[in-house]
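Scroll down for the structure; my scribbles are underneath it.
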Amino acid sequence: MVKKTARILIVEENTDDYLVLKVMLSGLRGNPFKFERVSTYEQGMERILKGDYDVCLLGYRLNGKGGSDFMWEASQKGSSTPFVLLGGPGDEGAEEEAAKQGAADFLWKNKLEPPLLERSILHAAENKKSNELLRRREEFFRAVLENALDGVAIFETDGNIHYSSPSVKRILGYEPGDKINTSVFDLIHPEDIYRIKKLFEKLVKNPGLVLADEFQARHKDGSWKVVEASGKSHLFQNPDFHGIVVNYRDVTERKNAERTNLRLASIVESSNDAIYTVGFDGAILSWNPGAMRIYGFEAHEIGGRHINLIIPPKDRVEFNDLLEKARNGHPVSHIVTTHKNKNDQPIIISLSLSPIKDAQGQVVRASVIARDISEREKSKAVKTMLQDERDQLLERLQLQMANMPIACVLMDQNFLFTYWNPAAEKMFGYSFKEVEGKSPGFLFADSEADEINKNMKKIKDGFEVPKKTVRENRGKKRSILVCEWYNTKLLDAEGRFQGMMAMAVDITDRRKSEEIQNQFATILEQTPDAVISGDMEGMVVSWNRGAEKLFGYTADEIIGKSFKKLTPEDKLQEIAEMQEKGLLGESLTNFETVRVKKNGERVDVSVALFATKDASGKKTGVSAIVRDISERKKAEDSLKKHEEKMRLVEKMNAIGRLAGGVAHDFNNLLSVIGGNSEFLLGSLERESPHRDEVEEIQKAVKRGAELTKQLLVFGQKQVVNPLPINLNDLTGEMSKMLKRLIDANVELKIIQHKEILPILADTGQIQQVILNLVLNARDAMPDGGHLILETKNIGMDALELEEKPTLPKGTYVRLNVTDTGHGMGPEIQKHIFEPFFTTKAGKGTGLGLASVYGIVTKWSGHIFVHSKPGMGTTFAIYFPAMVSVEGFAVKPKQISLIPQGTETILVVEDEDPVRKILVRTLGSYGYKILEAANGIEAVKKAWEVKEKIDLLLTDTVMPKMNGKELADELHKTRPKMKTLFVSGYPKEILSQHGILGANINLIQKPFELEQLGREIRKILDEK
């Protein structure tokens, strides 16, 4: 029920509406209301926040603001007053807005009646009262939770933490909100998490079920706390939520105390001493297994009985005095007395009593620890006898020490020598008289002195003496000995230190041997070669780092395995034979073979094999030193290829020189044949049946001239005109001609790299290279196929990938000529560049590829062949790329001259047929001719002739006097005479060999007679 007088705040800007409310409220009976009215939003907010109102009647329209805004602001500022919202015409949607903002009720002003208004006010007031009661109850339970010692947590069904009470900070160190929405299982120890998850799943599936358990939970500081928890699955109604409610407490200290008690109990139960408790009335209250062993009584036999049962009458007064001291809080310990066992046999006991207090600090009983020392007491009786026996034993020991072959010495408690046997005298060179009463420091090297003094001090202080040490010692003659010392303390019957006995063994020689062995072991371990030892069965017994690096196996992986593991299948017989030879005592050195690595890769090795023996000379197996010679093999192969190439170069040069000489002589023959055939053809009528025969002779002369050109190219004795060449342009220009040369069933494809770099060469010679290779490829494909010409720039990176070790570093232009023909085997490839070698029996001269080789090498190029029978052939040519093309110009074309004249010409030629042709030809052109067979004859002829000689036409290479020497001699007396040299060699070749100068007139054999006439006319007409 609402209180007797309800306070109502009316917030209404419309005065008429307020008066209606006032009339209705004043007319209500039995439930009087006290009300106040304000007309603005601001006044209403001020009153609602200060006054204690039961209900607020709130107009929906307030100074341009909504009543819903008023309710929201008041709620945000802490007001708990319920609102009844009053709406008028035009306030559509106000009712829904009021419900959203939590209004207690909504009334329409135009439908308002006193009973309706009264019910709404009473309902709002009752809600306020209920809400207030609920709020206080929530505050009460919150206070309980926040101040409870136990923790309370609510978990969602997936284990996420939904709520955590403030006690979590005291128990686990976290603030209540730290772990909200994180998984509780993250806080549970791995040992417990599986069990707790199973319990949690069981709670989720069974609402109302309560389960309890203990587990370890992680504290914020990282430590683990033992938590006792009970949980229950609960379906909440407000809010609608299914979760697990858990109460938990920290039981870590209790668990630690339990463990401590268990540990103490375990100590008591396992102790060999008798541990029991006695009341101050003499009753035995507890009895451990140790007491049962000493006294013979079981716990059930003596529990509750009087202590006098185990104390002889004569010792009872003494025990009672001790018990009284414990009652007064004074412990006593190590009291030697006599008790008796179950059989009434006396027991000598070391007794300790301690008072035991209750929780209030009052002494309530005594704890007794009794140790049976009967045997110890008995041993005292025999100490004197044992001392005598030890003295006798020492005398016998000294006698034995005197005859021992190793040095033996005795020292007293001050480490002064008291005994020194003959072996010590022999080892160190000192007699006993010289060392008696001295400290041992003089026997040790200076580097050992400080440590010896420290050890002696430690032994005096009770530390154990090192049983075995190795020291550098010094003999009487200052010689250094390495000794192994064995040290023993000498103790009296009470265990007190009386001195030391020490024995020394000279290990100087052994130490040197060990050092040498260690050095050898270090060398073997660090050597890059593989050093491997095997037993008699061929199993690996040692494996150094070099072996691990070479073969890839670690020592653990290979020791105990057969040598065959390192041997390829095709070398198994070889390894067996090597093993047999090694065991027979035969040594192998620099034996080259192949072995296999862990990854299966084969490796070239050089093996040295020898038998291994033990100290007695008995064979124990074989050892091998294995060296990786892969790089050397590669270098040897590369060197072999280089040597083969150099031999080929030398061979080609020699044949080239021969070819050049042959071409020179051949040119003379061709000149005679060509000249005579030309004369013969001129004398025949057009209808003569012999014209065809003479023309065939001329054709043969031309073919011979072409052959001499190839010989001169091969011998590098041809005139060349080096210019920058673009291989793309050149192959493009030649494509039409090449297509005419190859068969229709051969497909020609030209692949050109963009922006190809230029090369420096003679255009005609490079055309000849391409032509020869294309014709060679055509002949390799009689049944048709594919012919590919490819140009490409090859930079430094690409050059490394192509693995051409003979190529100097640089940038190249590569020309590939590839066919799909029958290919070549290795034997044929060795000879293909040799002159006159051909596989085309009866069809080829054998000069095509030889000429290609000569041209390529002339322009610093390199040629490689890749071919297999049935797989086609690729010729790869690498030309150095040009950096710059500036400074190159094209030579002008020659102008034809009419071969006629009346001048005097001296013709000198040692070959009679050639000379006759020259004289006859020039005479037919109108010239006056003087002739001579050699230089000497020409000089004489010039002396005899007084008239002017206009031109000297002379062969270049002649016996007795060559053409250059002849010209020089005649120019002394006829300086205005002009000279034209004739030779089978180009002018540049003659200049290089010093036969002629660079600026001379020369016509090269074979030549057409008309060409000779034009050249002579040109020279004579020059001013």
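Simple scheme: letters A, B, ... for chains in structure tokens order, numbers from 1 for residues in each chain, numbers from 1 for ligands in the order shown.
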Review point. Quick one: residues within 8 Å of stretch 68-72 of chain A, only C-alpha atoms counted, chain neighbours fewer than 4 positions away excluded, as a PyMOL selection string?
Key: chain A and resi 41+45+60+76+83+97-98+101+103
Write out the residues from the selection above, keeping all heavy atoms, as an mmCIF file, in the first residue's frame.
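Contents of the output file again-v4.cif:
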data_model
loop_
_atom_site.group_PDB
_atom_site.id
_atom_site.type_symbol
_atom_site.label_atom_id
_atom_site.label_comp_id
_atom_site.auth_asym_id
_atom_site.auth_seq_id
_atom_site.Cartn_x
_atom_site.Cartn_y
_atom_site.Cartn_z
ATOM 1 N N TYR A 41 10.484 22.714 -18.153
ATOM 2 C CA TYR A 41 11.390 21.538 -18.173
ATOM 3 C C TYR A 41 12.465 21.704 -17.088
ATOM 4 O O TYR A 41 12.731 20.789 -16.309
ATOM 5 C CB TYR A 41 12.028 21.428 -19.558
ATOM 6 C CG TYR A 41 12.895 20.199 -19.785
ATOM 7 C CD1 TYR A 41 12.414 19.124 -20.515
ATOM 8 C CD2 TYR A 41 14.200 20.124 -19.282
ATOM 9 C CE1 TYR A 41 13.207 18.006 -20.742
ATOM 10 C CE2 TYR A 41 14.990 19.016 -19.497
ATOM 11 C CZ TYR A 41 14.496 17.950 -20.233
ATOM 12 O OH TYR A 41 15.283 16.848 -20.437
ATOM 13 N N MET A 45 13.089 19.442 -13.651
ATOM 14 C CA MET A 45 14.313 18.660 -13.438
ATOM 15 C C MET A 45 14.944 18.998 -12.092
ATOM 16 O O MET A 45 15.432 18.116 -11.369
ATOM 17 C CB MET A 45 15.309 18.935 -14.584
ATOM 18 C CG MET A 45 16.570 18.050 -14.557
ATOM 19 S SD MET A 45 16.174 16.304 -14.677
ATOM 20 C CE MET A 45 15.461 16.244 -16.321
ATOM 21 N N TYR A 60 3.660 15.504 -21.963
ATOM 22 C CA TYR A 60 4.522 15.027 -23.045
ATOM 23 C C TYR A 60 5.217 16.186 -23.755
ATOM 24 O O TYR A 60 6.290 16.036 -24.300
ATOM 25 C CB TYR A 60 3.700 14.206 -24.044
ATOM 26 C CG TYR A 60 4.563 13.544 -25.105
ATOM 27 C CD1 TYR A 60 5.382 12.450 -24.768
ATOM 28 C CD2 TYR A 60 4.586 14.006 -26.402
ATOM 29 C CE1 TYR A 60 6.186 11.857 -25.708
ATOM 30 C CE2 TYR A 60 5.383 13.410 -27.369
ATOM 31 C CZ TYR A 60 6.186 12.333 -27.017
ATOM 32 O OH TYR A 60 6.994 11.733 -27.959
ATOM 33 N N GLN A 76 19.230 9.247 -15.875
ATOM 34 C CA GLN A 76 20.688 9.312 -15.950
ATOM 35 C C GLN A 76 21.284 10.033 -14.751
ATOM 36 O O GLN A 76 22.400 9.732 -14.339
ATOM 37 C CB GLN A 76 21.125 10.011 -17.247
ATOM 38 C CG GLN A 76 20.823 9.227 -18.518
ATOM 39 C CD GLN A 76 21.575 7.910 -18.563
ATOM 40 O OE1 GLN A 76 22.762 7.850 -18.327
ATOM 41 N NE2 GLN A 76 20.842 6.829 -18.828
ATOM 42 N N PHE A 83 7.245 7.655 -13.392
ATOM 43 C CA PHE A 83 6.579 8.667 -14.211
ATOM 44 C C PHE A 83 5.294 8.106 -14.810
ATOM 45 O O PHE A 83 5.265 6.958 -15.270
ATOM 46 C CB PHE A 83 7.492 9.123 -15.351
ATOM 47 C CG PHE A 83 8.704 9.897 -14.887
ATOM 48 C CD1 PHE A 83 9.897 9.254 -14.599
ATOM 49 C CD2 PHE A 83 8.630 11.269 -14.719
ATOM 50 C CE1 PHE A 83 10.993 9.955 -14.174
ATOM 51 C CE2 PHE A 83 9.750 11.976 -14.296
ATOM 52 C CZ PHE A 83 10.933 11.335 -14.017
ATOM 53 N N GLU A 97 6.892 5.523 -27.124
ATOM 54 C CA GLU A 97 8.116 6.173 -26.635
ATOM 55 C C GLU A 97 8.182 6.121 -25.123
ATOM 56 O O GLU A 97 9.242 5.912 -24.523
ATOM 57 C CB GLU A 97 8.146 7.625 -27.133
ATOM 58 C CG GLU A 97 9.457 8.371 -26.835
ATOM 59 C CD GLU A 97 10.621 7.814 -27.611
ATOM 60 O OE1 GLU A 97 10.403 7.217 -28.687
ATOM 61 O OE2 GLU A 97 11.771 7.967 -27.133
ATOM 62 N N ALA A 98 7.014 6.267 -24.475
ATOM 63 C CA ALA A 98 6.963 6.226 -23.003
ATOM 64 C C ALA A 98 7.363 4.850 -22.498
ATOM 65 O O ALA A 98 8.085 4.720 -21.496
ATOM 66 C CB ALA A 98 5.550 6.592 -22.534
ATOM 67 N N GLN A 101 11.140 4.361 -22.634
ATOM 68 C CA GLN A 101 11.893 5.089 -21.621
ATOM 69 C C GLN A 101 11.572 4.628 -20.211
ATOM 70 O O GLN A 101 12.113 5.175 -19.249
ATOM 71 C CB GLN A 101 11.611 6.592 -21.757
ATOM 72 C CG GLN A 101 12.134 7.198 -23.058
ATOM 73 C CD GLN A 101 13.638 7.077 -23.196
ATOM 74 O OE1 GLN A 101 14.358 7.037 -22.207
ATOM 75 N NE2 GLN A 101 14.105 7.007 -24.439
ATOM 76 N N ALA A 103 8.405 4.445 -18.592
ATOM 77 C CA ALA A 103 7.325 5.108 -17.854
ATOM 78 C C ALA A 103 6.446 4.071 -17.153
ATOM 79 O O ALA A 103 6.213 2.975 -17.680
ATOM 80 C CB ALA A 103 6.484 5.941 -18.811
#
Practice item. Could you tell me how far atom CA of A:Gly617 lies from atom CA of A:Ala555, in Å and to one decimal? Key: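 Between atom CA of A:Gly617 and atom CA of A:Ala555 the gap is 26.7 Å.
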Practice item. Find the residues around A:Leu235 up to 9 Å (only C-alpha atoms counted), leave out those fewer than 3 positions away in its own chain, and share them as number ranges by chain. Key: A: 207-208, 240-244
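Contact shell of A:Trp543 at 8 Å (only C-alpha atoms; same-chain neighbours under 2 positions omitted): A:Ala530, A:Val531, A:Ile532, A:Ser533, A:Val540, A:Val541, A:Arg545, A:Ala547, A:Glu548, A:Ala555, A:Ile558, A:Ile559.
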**Study point:** Residue set, stretch 772-968 of chain A restricted to strand (DSSP E or B), as a VMD selection string
**Key:** chain A and resid 785 to 794 812 to 819 862 to 867 873 to 881 904 to 908 928 to 932 951 to 955
Check your understanding: Which is closer to A:Glu73 than all the others in A:Leu953, A:Ile10, A:Val55, A:Leu49, using only C-alpha atoms?
Key ->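 Checking each of A:Leu953, A:Ile10, A:Val55, A:Leu49 against A:Glu73, counting only C-alpha atoms, the winner is A:Leu49.
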Review point. Of the residues A:Ser130, A:Lys202, A:Arg920, A:Arg61, which is the one nearest to A:Pro89, using only C-alpha atoms?
Key: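 Smallest distance to A:Pro89 is found for A:Arg61.
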